[in-house]
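Q: I'm passing along upload15.cif; it holds mmCIF, C-alpha atoms.
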```cif
data_start
#
loop_
_atom_site.group_PDB
_atom_site.id
_atom_site.type_symbol
_atom_site.label_atom_id
_atom_site.label_comp_id
_atom_site.auth_asym_id
_atom_site.auth_seq_id
_atom_site.Cartn_x
_atom_site.Cartn_y
_atom_site.Cartn_z
ATOM 1 C CA MET A 72 0.000 0.000 0.000
ATOM 2 C CA LYS A 73 1.279 3.447 -0.939
ATOM 3 C CA VAL A 74 -0.268 6.551 0.624
ATOM 4 C CA ILE A 75 -0.433 9.198 -2.089
ATOM 5 C CA ALA A 76 -2.322 12.008 -0.316
ATOM 6 C CA GLU A 77 -3.348 13.221 3.118
ATOM 7 C CA TYR A 78 -5.956 15.849 3.935
ATOM 8 C CA GLY A 79 -7.436 17.354 7.050
ATOM 9 C CA ASN A 80 -6.658 18.390 10.574
ATOM 10 C CA GLU A 81 -4.728 16.244 13.052
ATOM 11 C CA ASP A 82 -6.884 17.609 15.870
ATOM 12 C CA LEU A 83 -10.190 16.657 14.235
ATOM 13 C CA ALA A 84 -10.083 14.315 11.237
ATOM 14 C CA LYS A 85 -7.504 13.282 8.677
ATOM 15 C CA VAL A 86 -8.234 11.518 5.382
ATOM 16 C CA TYR A 87 -5.667 9.259 3.733
ATOM 17 C CA VAL A 88 -5.780 8.291 0.068
ATOM 18 C CA ALA A 89 -3.759 5.205 -0.808
ATOM 19 C CA GLU A 90 -3.012 3.128 -3.868
ATOM 20 C CA MET A 91 -2.990 -0.648 -3.578
ATOM 21 C CA ARG A 92 -2.087 -3.419 -6.018
ATOM 22 C CA GLU A 93 0.439 -1.186 -7.756
ATOM 23 C CA HIS A 94 1.565 -4.250 -9.734
ATOM 24 C CA ASP A 95 -1.778 -4.307 -11.577
ATOM 25 C CA PRO A 96 -1.435 -1.918 -14.555
ATOM 26 C CA SER A 97 -4.989 -2.485 -15.786
ATOM 27 C CA ARG A 98 -6.552 0.016 -13.385
ATOM 28 C CA LYS A 99 -5.892 2.003 -10.247
ATOM 29 C CA HIS A 100 -7.023 0.576 -6.930
ATOM 30 C CA LEU A 101 -7.510 3.661 -4.781
ATOM 31 C CA VAL A 102 -8.835 3.633 -1.245
ATOM 32 C CA GLU A 103 -9.694 6.175 1.439
ATOM 33 C CA PHE A 104 -9.424 5.775 5.193
ATOM 34 C CA VAL A 105 -9.761 8.216 8.057
ATOM 35 C CA GLU A 106 -8.595 8.848 11.605
ATOM 36 C CA SER A 107 -10.749 11.126 13.692
ATOM 37 C CA LEU A 108 -11.393 12.513 17.137
ATOM 38 C CA GLN A 109 -14.607 13.440 18.870
ATOM 39 C CA PRO A 110 -14.000 16.823 20.523
ATOM 40 C CA PRO A 111 -13.806 17.533 23.373
ATOM 41 C CA ILE A 112 -12.728 13.923 24.063
ATOM 42 C CA PRO A 113 -8.918 13.721 23.658
ATOM 43 C CA ARG A 114 -7.149 11.096 21.566
ATOM 44 C CA ASP A 115 -5.770 9.335 24.625
ATOM 45 C CA LYS A 116 -9.386 8.583 25.651
ATOM 46 C CA LYS A 117 -11.064 7.851 22.300
ATOM 47 C CA TRP A 118 -9.661 7.355 18.806
ATOM 48 C CA VAL A 119 -11.713 6.422 15.748
ATOM 49 C CA LEU A 120 -10.452 4.948 12.477
ATOM 50 C CA ILE A 121 -12.828 4.631 9.517
ATOM 51 C CA VAL A 122 -11.783 2.094 6.902
ATOM 52 C CA SER A 123 -12.892 0.964 3.455
ATOM 53 C CA SER A 124 -13.812 -2.563 2.443
ATOM 54 C CA MET A 125 -13.926 -2.073 -1.338
ATOM 55 C CA PHE A 126 -12.302 -0.045 -4.075
ATOM 56 C CA GLY A 127 -15.311 2.161 -4.737
ATOM 57 C CA CYS A 128 -18.771 0.650 -4.337
ATOM 58 C CA PRO A 129 -21.232 -1.109 -6.662
ATOM 59 C CA VAL A 130 -24.348 0.105 -4.824
ATOM 60 C CA LYS A 131 -24.286 3.758 -5.944
ATOM 61 C CA CYS A 132 -26.417 5.268 -3.205
ATOM 62 C CA LYS A 133 -27.875 8.598 -4.236
ATOM 63 C CA MET A 134 -25.980 10.576 -1.593
ATOM 64 C CA CYS A 135 -22.602 8.802 -1.652
ATOM 65 C CA ASP A 136 -19.489 9.630 -3.678
ATOM 66 C CA ALA A 137 -17.969 6.144 -3.304
ATOM 67 C CA GLY A 138 -20.076 4.608 -6.066
ATOM 68 C CA GLY A 139 -18.326 6.176 -9.020
ATOM 69 C CA ASP A 140 -15.686 3.675 -10.100
ATOM 70 C CA PHE A 141 -15.994 0.233 -8.525
ATOM 71 C CA ALA A 142 -12.748 -1.723 -8.873
ATOM 72 C CA GLY A 143 -13.400 -4.754 -6.690
ATOM 73 C CA ARG A 144 -13.327 -6.087 -3.155
ATOM 74 C CA MET A 145 -10.414 -5.718 -0.784
ATOM 75 C CA THR A 146 -8.717 -8.656 0.905
ATOM 76 C CA ALA A 147 -8.627 -8.955 4.687
ATOM 77 C CA GLU A 148 -4.940 -8.024 4.577
ATOM 78 C CA GLU A 149 -5.699 -4.888 2.564
ATOM 79 C CA ILE A 150 -8.425 -3.870 5.000
ATOM 80 C CA ILE A 151 -6.144 -4.290 8.006
ATOM 81 C CA SER A 152 -3.266 -2.517 6.227
ATOM 82 C CA GLN A 153 -5.263 0.732 6.426
ATOM 83 C CA ILE A 154 -5.498 0.382 10.193
ATOM 84 C CA ASP A 155 -1.868 -0.657 10.452
ATOM 85 C CA HIS A 156 -0.683 2.448 8.606
ATOM 86 C CA VAL A 157 -2.472 4.841 10.948
ATOM 87 C CA VAL A 158 -1.675 2.903 14.124
ATOM 88 C CA ARG A 159 2.061 2.609 13.409
ATOM 89 C CA ARG A 160 2.333 6.358 12.780
ATOM 90 C CA ARG A 161 1.441 6.981 16.409
ATOM 91 C CA PHE A 162 2.229 3.645 18.053
ATOM 92 C CA PRO A 163 5.162 1.997 16.214
ATOM 93 C CA ASP A 164 5.070 -1.083 18.440
ATOM 94 C CA GLY A 165 1.408 -1.738 17.624
ATOM 95 C CA ARG A 166 0.258 -1.235 21.196
ATOM 96 C CA VAL A 167 -2.711 1.132 21.392
ATOM 97 C CA PRO A 168 -3.191 2.204 25.044
ATOM 98 C CA ILE A 169 -6.491 3.981 24.444
ATOM 99 C CA PRO A 170 -9.620 3.034 26.444
ATOM 100 C CA LYS A 171 -11.856 3.310 23.372
ATOM 101 C CA PHE A 172 -10.088 2.488 20.103
ATOM 102 C CA LYS A 173 -12.880 2.221 17.561
ATOM 103 C CA ILE A 174 -12.649 0.817 14.036
ATOM 104 C CA GLN A 175 -15.576 1.715 11.793
ATOM 105 C CA PHE A 176 -16.210 -0.259 8.600
ATOM 106 C CA ALA A 177 -18.002 2.662 7.003
ATOM 107 C CA ARG A 178 -15.898 4.428 4.362
ATOM 108 C CA MET A 179 -15.818 3.072 0.789
ATOM 109 C CA GLY A 180 -17.778 -0.072 -0.037
ATOM 110 C CA GLU A 181 -20.653 -2.144 1.328
ATOM 111 C CA PRO A 182 -19.109 -4.490 3.927
ATOM 112 C CA ALA A 183 -21.767 -7.198 3.562
ATOM 113 C CA LEU A 184 -20.830 -7.643 -0.107
ATOM 114 C CA ASN A 185 -17.260 -8.563 0.829
ATOM 115 C CA PRO A 186 -16.740 -11.878 2.695
ATOM 116 C CA ALA A 187 -13.176 -10.781 3.506
ATOM 117 C CA VAL A 188 -14.629 -8.343 6.045
ATOM 118 C CA ILE A 189 -15.467 -11.338 8.240
ATOM 119 C CA ASP A 190 -11.851 -12.510 8.021
ATOM 120 C CA ALA A 191 -10.609 -9.022 8.862
ATOM 121 C CA LEU A 192 -12.890 -8.874 11.906
ATOM 122 C CA ARG A 193 -11.513 -12.210 13.084
ATOM 123 C CA ASP A 194 -7.888 -11.174 12.516
ATOM 124 C CA LEU A 195 -8.117 -7.664 13.941
ATOM 125 C CA PRO A 196 -7.906 -8.479 17.678
ATOM 126 C CA GLY A 197 -4.632 -10.346 17.105
ATOM 127 C CA ALA A 198 -3.115 -7.715 14.818
ATOM 128 C CA PHE A 199 -2.619 -5.108 17.557
ATOM 129 C CA ASP A 200 -2.257 -4.973 21.306
ATOM 130 C CA ALA A 201 -5.378 -2.895 21.843
ATOM 131 C CA PRO A 202 -7.369 -3.701 25.002
ATOM 132 C CA GLY A 203 -9.849 -0.925 24.160
ATOM 133 C CA LEU A 204 -10.692 -2.239 20.689
ATOM 134 C CA HIS A 205 -14.285 -1.697 19.551
ATOM 135 C CA VAL A 206 -15.691 -2.126 16.056
ATOM 136 C CA SER A 207 -18.626 -0.684 14.162
ATOM 137 C CA LEU A 208 -20.068 -1.876 10.865
ATOM 138 C CA SER A 209 -22.509 0.094 8.732
ATOM 139 C CA THR A 210 -24.603 -1.677 6.097
ATOM 140 C CA ILE A 211 -27.593 -1.258 3.798
ATOM 141 C CA ALA A 212 -28.353 -4.987 4.391
ATOM 142 C CA PRO A 213 -28.078 -6.138 0.770
ATOM 143 C CA THR A 214 -29.571 -9.465 -0.297
ATOM 144 C CA GLY A 215 -28.350 -12.147 -2.669
ATOM 145 C CA GLY A 216 -25.035 -13.860 -3.276
ATOM 146 C CA THR A 217 -23.030 -14.479 -0.117
ATOM 147 C CA THR A 218 -24.811 -11.922 2.060
ATOM 148 C CA GLU A 219 -26.937 -14.413 4.006
ATOM 149 C CA ASP A 220 -23.790 -16.295 4.998
ATOM 150 C CA PHE A 221 -22.097 -12.982 5.839
ATOM 151 C CA PHE A 222 -24.769 -11.937 8.304
ATOM 152 C CA GLU A 223 -24.844 -15.357 9.977
ATOM 153 C CA LYS A 224 -21.079 -15.277 10.439
ATOM 154 C CA LEU A 225 -21.272 -11.706 11.712
ATOM 155 C CA ILE A 226 -23.251 -12.899 14.736
ATOM 156 C CA GLU A 227 -20.633 -15.582 15.406
ATOM 157 C CA VAL A 228 -17.770 -13.082 15.119
ATOM 158 C CA LYS A 229 -19.486 -10.610 17.422
ATOM 159 C CA ASP A 230 -20.076 -13.242 20.075
ATOM 160 C CA GLU A 231 -16.565 -14.726 19.882
ATOM 161 C CA PHE A 232 -14.362 -11.657 19.419
ATOM 162 C CA TYR A 233 -16.381 -8.576 20.435
ATOM 163 C CA PRO A 234 -18.658 -9.441 23.368
ATOM 164 C CA TYR A 235 -19.940 -7.155 26.118
ATOM 165 C CA GLY A 236 -20.811 -4.183 23.937
ATOM 166 C CA ARG A 237 -17.673 -3.953 21.806
ATOM 167 C CA PHE A 238 -19.529 -4.343 18.482
ATOM 168 C CA GLN A 239 -21.843 -1.696 17.045
ATOM 169 C CA LEU A 240 -24.034 -2.728 14.101
ATOM 170 C CA GLN A 241 -25.682 0.046 12.118
ATOM 171 C CA PHE A 242 -28.277 -0.197 9.356
ATOM 172 C CA SER A 243 -28.725 2.631 6.849
ATOM 173 C CA ILE A 244 -32.466 3.333 6.678
ATOM 174 C CA HIS A 245 -32.834 7.052 5.749
ATOM 175 C CA THR A 246 -36.576 6.941 4.961
ATOM 176 C CA THR A 247 -39.579 4.817 5.914
ATOM 177 C CA ASP A 248 -41.106 5.163 2.438
ATOM 178 C CA GLY A 249 -40.206 1.951 0.599
ATOM 179 C CA ALA A 250 -40.210 3.444 -2.906
ATOM 180 C CA LYS A 251 -38.196 6.465 -1.786
ATOM 181 C CA ARG A 252 -35.726 4.189 -0.010
ATOM 182 C CA ASP A 253 -35.219 2.320 -3.271
ATOM 183 C CA GLU A 254 -34.441 5.659 -4.929
ATOM 184 C CA LEU A 255 -31.786 6.476 -2.352
ATOM 185 C CA ILE A 256 -30.349 2.953 -2.183
ATOM 186 C CA PRO A 257 -30.779 1.334 -5.635
ATOM 187 C CA ALA A 258 -29.982 -2.243 -4.648
ATOM 188 C CA ARG A 259 -31.795 -5.368 -3.466
ATOM 189 C CA LYS A 260 -31.902 -5.136 0.306
ATOM 190 C CA TRP A 261 -33.760 -6.241 3.401
ATOM 191 C CA SER A 262 -37.099 -4.713 4.252
ATOM 192 C CA LEU A 263 -37.614 -3.018 7.603
ATOM 193 C CA ALA A 264 -39.241 -6.221 8.862
ATOM 194 C CA GLN A 265 -36.217 -8.298 7.829
ATOM 195 C CA ILE A 266 -33.798 -5.853 9.444
ATOM 196 C CA ALA A 267 -35.855 -5.982 12.644
ATOM 197 C CA ALA A 268 -35.887 -9.783 12.706
ATOM 198 C CA TYR A 269 -32.119 -9.981 12.263
ATOM 199 C CA GLY A 270 -31.460 -7.246 14.803
ATOM 200 C CA GLU A 271 -33.477 -9.156 17.389
ATOM 201 C CA ARG A 272 -31.108 -12.095 16.888
ATOM 202 C CA PHE A 273 -27.961 -9.990 16.730
ATOM 203 C CA SER A 274 -28.331 -7.851 19.817
ATOM 204 C CA SER A 275 -28.810 -9.220 23.315
ATOM 205 C CA PRO A 276 -28.664 -6.185 25.625
ATOM 206 C CA GLU A 277 -29.217 -8.525 28.572
ATOM 207 C CA ASN A 278 -25.797 -10.024 27.718
ATOM 208 C CA GLY A 279 -24.128 -6.628 27.411
ATOM 209 C CA ASP A 280 -24.552 -6.120 23.652
ATOM 210 C CA LYS A 281 -25.076 -2.641 22.279
ATOM 211 C CA LYS A 282 -28.425 -1.845 20.763
ATOM 212 C CA VAL A 283 -28.535 -2.020 16.960
ATOM 213 C CA THR A 284 -28.431 1.439 15.381
ATOM 214 C CA LEU A 285 -30.951 2.590 12.779
ATOM 215 C CA ASN A 286 -29.324 5.444 10.903
ATOM 216 C CA PHE A 287 -31.284 8.215 9.229
ATOM 217 C CA ALA A 288 -29.721 11.062 7.233
ATOM 218 C CA PRO A 289 -32.992 12.932 6.649
ATOM 219 C CA ALA A 290 -33.469 14.589 3.259
ATOM 220 C CA ASP A 291 -36.326 16.830 2.189
ATOM 221 C CA GLY A 292 -38.925 14.818 0.285
ATOM 222 C CA TYR A 293 -37.930 11.494 1.878
ATOM 223 C CA PRO A 294 -40.361 10.989 4.771
ATOM 224 C CA ILE A 295 -39.481 9.492 8.129
ATOM 225 C CA ASP A 296 -42.416 8.214 10.177
ATOM 226 C CA ALA A 297 -41.469 7.317 13.740
ATOM 227 C CA GLU A 298 -44.693 5.329 14.159
ATOM 228 C CA VAL A 299 -43.757 3.114 11.202
ATOM 229 C CA VAL A 300 -40.341 2.521 12.751
ATOM 230 C CA ARG A 301 -41.966 1.575 16.059
ATOM 231 C CA GLU A 302 -44.256 -0.904 14.285
ATOM 232 C CA HIS A 303 -41.169 -2.890 13.301
ATOM 233 C CA PHE A 304 -38.494 -2.147 15.898
ATOM 234 C CA ASP A 305 -38.345 -2.675 19.666
ATOM 235 C CA PRO A 306 -36.808 0.338 21.459
ATOM 236 C CA SER A 307 -35.177 -2.038 23.952
ATOM 237 C CA ARG A 308 -32.982 -3.440 21.158
ATOM 238 C CA PHE A 309 -32.721 -0.592 18.645
ATOM 239 C CA VAL A 310 -31.485 2.985 18.907
ATOM 240 C CA ILE A 311 -32.099 5.825 16.444
ATOM 241 C CA LYS A 312 -29.233 7.851 15.005
ATOM 242 C CA LEU A 313 -29.923 11.102 13.159
ATOM 243 C CA THR A 314 -27.197 12.754 11.088
ATOM 244 C CA PRO A 315 -27.138 15.662 8.646
ATOM 245 C CA LEU A 316 -26.920 14.637 5.012
ATOM 246 C CA ASN A 317 -23.302 15.022 3.955
ATOM 247 C CA PRO A 318 -22.793 17.695 1.254
ATOM 248 C CA THR A 319 -21.214 15.286 -1.221
ATOM 249 C CA VAL A 320 -20.813 15.862 -4.949
ATOM 250 C CA ARG A 321 -23.379 13.144 -5.584
ATOM 251 C CA SER A 322 -25.995 14.587 -3.210
ATOM 252 C CA HIS A 323 -25.541 17.972 -4.895
ATOM 253 C CA GLU A 324 -25.980 16.426 -8.350
ATOM 254 C CA GLU A 325 -29.140 14.669 -7.146
ATOM 255 C CA SER A 326 -30.441 17.923 -5.593
ATOM 256 C CA LEU A 327 -30.753 16.319 -2.168
ATOM 257 C CA ARG A 328 -31.275 18.798 0.643
ATOM 258 C CA SER A 329 -30.543 17.907 4.256
ATOM 259 C CA THR A 330 -33.495 18.262 6.602
ATOM 260 C CA ILE A 331 -31.097 18.678 9.518
ATOM 261 C CA ASP A 332 -29.023 21.853 9.439
ATOM 262 C CA PRO A 333 -25.737 21.243 11.306
ATOM 263 C CA PHE A 334 -25.681 24.928 12.240
ATOM 264 C CA ASP A 335 -29.242 24.910 13.623
ATOM 265 C CA ARG A 336 -29.983 22.219 16.183
ATOM 266 C CA THR A 337 -33.649 23.199 16.262
ATOM 267 C CA SER A 338 -33.972 21.710 12.752
ATOM 268 C CA SER A 339 -33.853 18.220 14.269
ATOM 269 C CA GLU A 340 -36.227 18.800 17.195
ATOM 270 C CA HIS A 341 -39.336 17.458 15.455
ATOM 271 C CA LEU A 342 -37.720 14.134 14.511
ATOM 272 C CA VAL A 343 -35.992 13.723 17.856
ATOM 273 C CA GLY A 344 -39.281 14.344 19.632
ATOM 274 C CA ALA A 345 -41.237 11.997 17.375
ATOM 275 C CA PHE A 346 -38.864 9.106 18.023
ATOM 276 C CA ALA A 347 -38.687 9.868 21.744
ATOM 277 C CA GLU A 348 -42.494 9.699 21.908
ATOM 278 C CA GLN A 349 -42.252 6.168 20.505
ATOM 279 C CA GLY A 350 -39.852 5.189 23.290
ATOM 280 C CA PHE A 351 -36.592 5.265 21.333
ATOM 281 C CA ASP A 352 -33.260 6.549 22.525
ATOM 282 C CA VAL A 353 -32.048 9.057 19.925
ATOM 283 C CA ILE A 354 -28.456 9.924 19.058
ATOM 284 C CA LEU A 355 -28.144 13.272 17.293
ATOM 285 C CA SER A 356 -24.784 12.999 15.540
ATOM 286 C CA ILE A 357 -23.976 16.457 14.239
ATOM 287 C CA GLY A 358 -20.180 16.313 14.439
ATOM 288 C CA GLN A 359 -17.980 19.289 13.657
ATOM 289 C CA PRO A 360 -18.986 21.371 10.603
ATOM 290 C CA GLU A 361 -15.314 21.538 9.569
ATOM 291 C CA GLU A 362 -15.213 17.745 9.397
#
```
Write out the structure in this file as structure tokens.
A:
Amino acid sequence: MKVIAEYGNEDLAKVYVAEMREHDPSRKHLVEFVESLQPPIPRDKKWVLIVSSMFGCPVKCKMCDAGGDFAGRMTAEEIISQIDHVVRRRFPDGRVPIPKFKIQFARMGEPALNPAVIDALRDLPGAFDAPGLHVSLSTIAPTGGTTEDFFEKLIEVKDEFYPYGRFQLQFSIHTTDGAKRDELIPARKWSLAQIAAYGERFSSPENGDKKVTLNFAPADGYPIDAEVVREHFDPSRFVIKLTPLNPTVRSHEESLRSTIDPFDRTSSEHLVGAFAEQGFDVILSIGQPEE
């Protein structure tokens, strides 16, 4: 792996662009990965790395820039090499003495479409001396191919390697309107009922598991009905996450407008209140506007 560019702020978030498989002259295999902080929490308390699982993405979600030029799946070694690069910059011996060292599988690619993600999750705890290791995986819950096997193995991996709340599973929902959801995420995927059924199996809060996250990046014209969500999901096992729609090139081209204004917290009050009335815990993830 060869890092060819770095962008950002060491005190907030830094993006790395790397080239892999340099020996393959047929096409470039470019990947992005990120290290970030969550102010005001210092790095020695919490450190987050966001890694890719594919070179681009075949899904082509309406708001995501990763779907432009899909060049294949990454191997487990290539996935872990992103983490290794960032870790060794700060901790050359591979020992990460941070209470919450979080790896998010949420940059380029749909993790459930790459079986190597399971291998990477299995290998990760042995790759570094990191007692505070936590992982998070974000998915649209695609169907077909090897995805059923992927999700079954994901439960096994969580139970064996990341028990007691060290695994966060997040589903990208964005709207409760089925047709509109298909517009945003143009791929075969689980229905809300299927996501709910799997989440019930995946998360056992009584055993210390985290609740499964349902992520919404609200956009004008794409309705979110908290009552519909409650019809499918049990608030004791699922948590709601609301985030502003990222101002990506693709979202601009598609004329998507974020319902949540990161500079105006009152813009989210209606949705937060609607979900709270249905008994859900709600995470409002605004982040830093600079990021």
Q: Report as a list of chain:residue names the residues that result from applying the PyMOL selection byres ((chain A and resi 285-292) around 7) to the structure here.
A: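 Against this file, the PyMOL selection byres ((chain A and resi 285-292) around 7) returns the residues A:Gln241, A:Phe242, A:Ser243, A:Ile244, A:His245, A:Thr246, A:Val283, A:Thr284, A:Tyr293, A:Pro294, A:Phe309, A:Val310, A:Ile311, A:Lys312, A:Leu313, A:Thr314, A:Pro315, A:Leu316, A:Leu327, A:Arg328, A:Ser329, A:Thr330, A:Ile331.
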Q: Quick one: residues within 12 Å of Leu101 in chain A, all atoms listed in the file counted, chain neighbours fewer than 2 positions away excluded, as a VMD selection string?
A: chain A and resid 72 to 76 87 to 93 95 98 to 99 103 to 104 123 to 128 137 139 to 145 149 153 179 to 180
Q: Return as a list in words the set of residues that the PyMOL selection byres ((chain A and resi 176) around 8) yields on the displayed structure.
A: Ile121, Val122, Ser123, Ser124, Ile174, Gln175, Ala177, Arg178, Pro182, Val206, Ser207, Leu208 and Ser209 of chain A
Q: Can you tell me how far CA of Val119 in chain A sits from CA of Pro306 in chain A, in Å to one decimal?
A: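 Computed distance, CA of Val119 in chain A to CA of Pro306 in chain A, equals 26.4 Å.
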Q: Tell me which residues the PyMOL selection byres ((chain A and resi 204) around 6) grabs here, as a PyMOL selection string.
A: chain A and resi 172-173+201-203+205
Q: Using all atoms listed in the file, list the residues that have an atom at most 7 Å from (-30.5, -11.4, 7.4), coordinates as in the file, as a list in words.
A: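 The residues that fall inside the cut-off are Glu219, Phe222, Gln265, Ile266 and Tyr269 of chain A.
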Q: Between A:Ser338, A:Thr247, A:Ser356, A:Thr146, single out the one closest to Ile295 in chain A, counting all atoms listed in the file.
A: A:Thr247
Q: For CA of Val102 in chain A and CA of Glu77 in chain A, determine how far apart the two atoms are, in Å to one decimal place.
A: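 Taking CA of Val102 in chain A as the start and CA of Glu77 in chain A as the end point, the length is 11.9 Å.
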Q: Which residues are close to Phe232 in chain A, i.e. within 12 Å by only C-alpha atoms, leaving aside same-chain residues fewer than 2 positions away? Reply as a list in words.
A: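 Result of the neighbour search: Ile189, Asp190, Ala191, Leu192, Arg193, Asp194, Leu195, Pro196, Gly197, Pro202, Leu204, His205, Val206, Lys224, Leu225, Ile226, Glu227, Val228, Lys229, Asp230, Pro234, Tyr235, Gly236, Arg237 and Phe238 of chain A.
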Q: Just give me the gap between CA of Lys133 in chain A and CA of Val188 in chain A in Å, one decimal is fine.
A: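 Interatomic distance, CA of Lys133 in chain A to CA of Val188 in chain A: 23.8 Å.
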Q: Could you give me, as a PyMOL selection string, the residues that have an atom at most 6 Å away from the point (-4.0, -3.5, 17.9) in the coordinates of the file, using all atoms listed in the file?
A: chain A and resi 165-167+198-201
Q: To test the calculation: enclose all listed atoms of range 180-184 of chain A in a box whose edges run along x, y and z, add 6 Å on each side, then state centre and edge lengths in Å to one decimal, as lines of an AutoDock Vina configuration file.
A:
```
center_x = -19.8
center_y = -3.9
center_z = 1.9
size_x = 16.0
size_y = 19.6
size_z = 16.0
```
Q: Could you check which of A:Arg114, A:His94, A:Lys171, A:Lys85 is closest to Val157 in chain A, using only C-alpha atoms?
A: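 Going through A:Arg114, A:His94, A:Lys171, A:Lys85 one by one, the smallest distance to Val157 in chain A is for A:Lys85.
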Q: I'd like the neighbourhood of Leu184 in chain A as a list in words, where a residue qualifies if any of its atoms comes within 8 Å (using all atoms listed in the file), though same-chain residues fewer than 4 positions away should be ignored.
A: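 Contacts, with the query itself left out: Pro213, Thr217 and Thr218 of chain A.
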Q: Starting from the incomplete input, reconstruct N, CA and C atoms of range 309-326 of chain A and write that as a PDB file, in the frame of the given file.
A:
```
ATOM      1  N   PHE A 309     -33.134  -1.463  19.745  1.00  0.00           N
ATOM      2  CA  PHE A 309     -32.721  -0.592  18.645  1.00  0.00           C
ATOM      3  C   PHE A 309     -32.645   0.851  19.123  1.00  0.00           C
ATOM      4  N   VAL A 310     -31.660   1.578  18.596  1.00  0.00           N
ATOM      5  CA  VAL A 310     -31.485   2.985  18.907  1.00  0.00           C
ATOM      6  C   VAL A 310     -31.507   3.761  17.591  1.00  0.00           C
ATOM      7  N   ILE A 311     -32.002   4.981  17.633  1.00  0.00           N
ATOM      8  CA  ILE A 311     -32.099   5.825  16.444  1.00  0.00           C
ATOM      9  C   ILE A 311     -30.910   6.777  16.393  1.00  0.00           C
ATOM     10  N   LYS A 312     -30.312   6.886  15.216  1.00  0.00           N
ATOM     11  CA  LYS A 312     -29.233   7.851  15.005  1.00  0.00           C
ATOM     12  C   LYS A 312     -29.642   8.798  13.880  1.00  0.00           C
ATOM     13  N   LEU A 313     -29.596  10.079  14.147  1.00  0.00           N
ATOM     14  CA  LEU A 313     -29.923  11.102  13.159  1.00  0.00           C
ATOM     15  C   LEU A 313     -28.671  11.890  12.821  1.00  0.00           C
ATOM     16  N   THR A 314     -28.385  12.020  11.528  1.00  0.00           N
ATOM     17  CA  THR A 314     -27.197  12.754  11.088  1.00  0.00           C
ATOM     18  C   THR A 314     -27.570  13.683   9.939  1.00  0.00           C
ATOM     19  N   PRO A 315     -26.911  14.825   9.830  1.00  0.00           N
ATOM     20  CA  PRO A 315     -27.138  15.662   8.646  1.00  0.00           C
ATOM     21  C   PRO A 315     -26.678  14.928   7.389  1.00  0.00           C
ATOM     22  N   LEU A 316     -27.340  15.188   6.298  1.00  0.00           N
ATOM     23  CA  LEU A 316     -26.920  14.637   5.012  1.00  0.00           C
ATOM     24  C   LEU A 316     -25.604  15.290   4.610  1.00  0.00           C
ATOM     25  N   ASN A 317     -24.598  14.466   4.333  1.00  0.00           N
ATOM     26  CA  ASN A 317     -23.302  15.022   3.955  1.00  0.00           C
ATOM     27  C   ASN A 317     -23.396  15.759   2.618  1.00  0.00           C
ATOM     28  N   PRO A 318     -22.742  16.923   2.508  1.00  0.00           N
ATOM     29  CA  PRO A 318     -22.793  17.695   1.254  1.00  0.00           C
ATOM     30  C   PRO A 318     -21.828  17.140   0.214  1.00  0.00           C
ATOM     31  N   THR A 319     -22.086  15.933  -0.245  1.00  0.00           N
ATOM     32  CA  THR A 319     -21.214  15.286  -1.221  1.00  0.00           C
ATOM     33  C   THR A 319     -21.505  15.807  -2.632  1.00  0.00           C
ATOM     34  N   VAL A 320     -20.598  15.505  -3.545  1.00  0.00           N
ATOM     35  CA  VAL A 320     -20.813  15.862  -4.949  1.00  0.00           C
ATOM     36  C   VAL A 320     -22.081  15.186  -5.464  1.00  0.00           C
ATOM     37  N   ARG A 321     -22.229  13.919  -5.098  1.00  0.00           N
ATOM     38  CA  ARG A 321     -23.379  13.144  -5.584  1.00  0.00           C
ATOM     39  C   ARG A 321     -24.699  13.699  -5.046  1.00  0.00           C
ATOM     40  N   SER A 322     -24.750  14.043  -3.760  1.00  0.00           N
ATOM     41  CA  SER A 322     -25.995  14.587  -3.210  1.00  0.00           C
ATOM     42  C   SER A 322     -26.332  15.928  -3.856  1.00  0.00           C
ATOM     43  N   HIS A 323     -25.302  16.700  -4.197  1.00  0.00           N
ATOM     44  CA  HIS A 323     -25.541  17.972  -4.895  1.00  0.00           C
ATOM     45  C   HIS A 323     -26.091  17.718  -6.293  1.00  0.00           C
ATOM     46  N   GLU A 324     -25.506  16.756  -7.000  1.00  0.00           N
ATOM     47  CA  GLU A 324     -25.980  16.426  -8.350  1.00  0.00           C
ATOM     48  C   GLU A 324     -27.423  15.928  -8.329  1.00  0.00           C
ATOM     49  N   GLU A 325     -27.784  15.218  -7.261  1.00  0.00           N
ATOM     50  CA  GLU A 325     -29.140  14.669  -7.146  1.00  0.00           C
ATOM     51  C   GLU A 325     -30.116  15.648  -6.501  1.00  0.00           C
ATOM     52  N   SER A 326     -29.615  16.864  -6.196  1.00  0.00           N
ATOM     53  CA  SER A 326     -30.441  17.923  -5.593  1.00  0.00           C
ATOM     54  C   SER A 326     -31.057  17.494  -4.267  1.00  0.00           C
TER      55      SER A 326
END
```
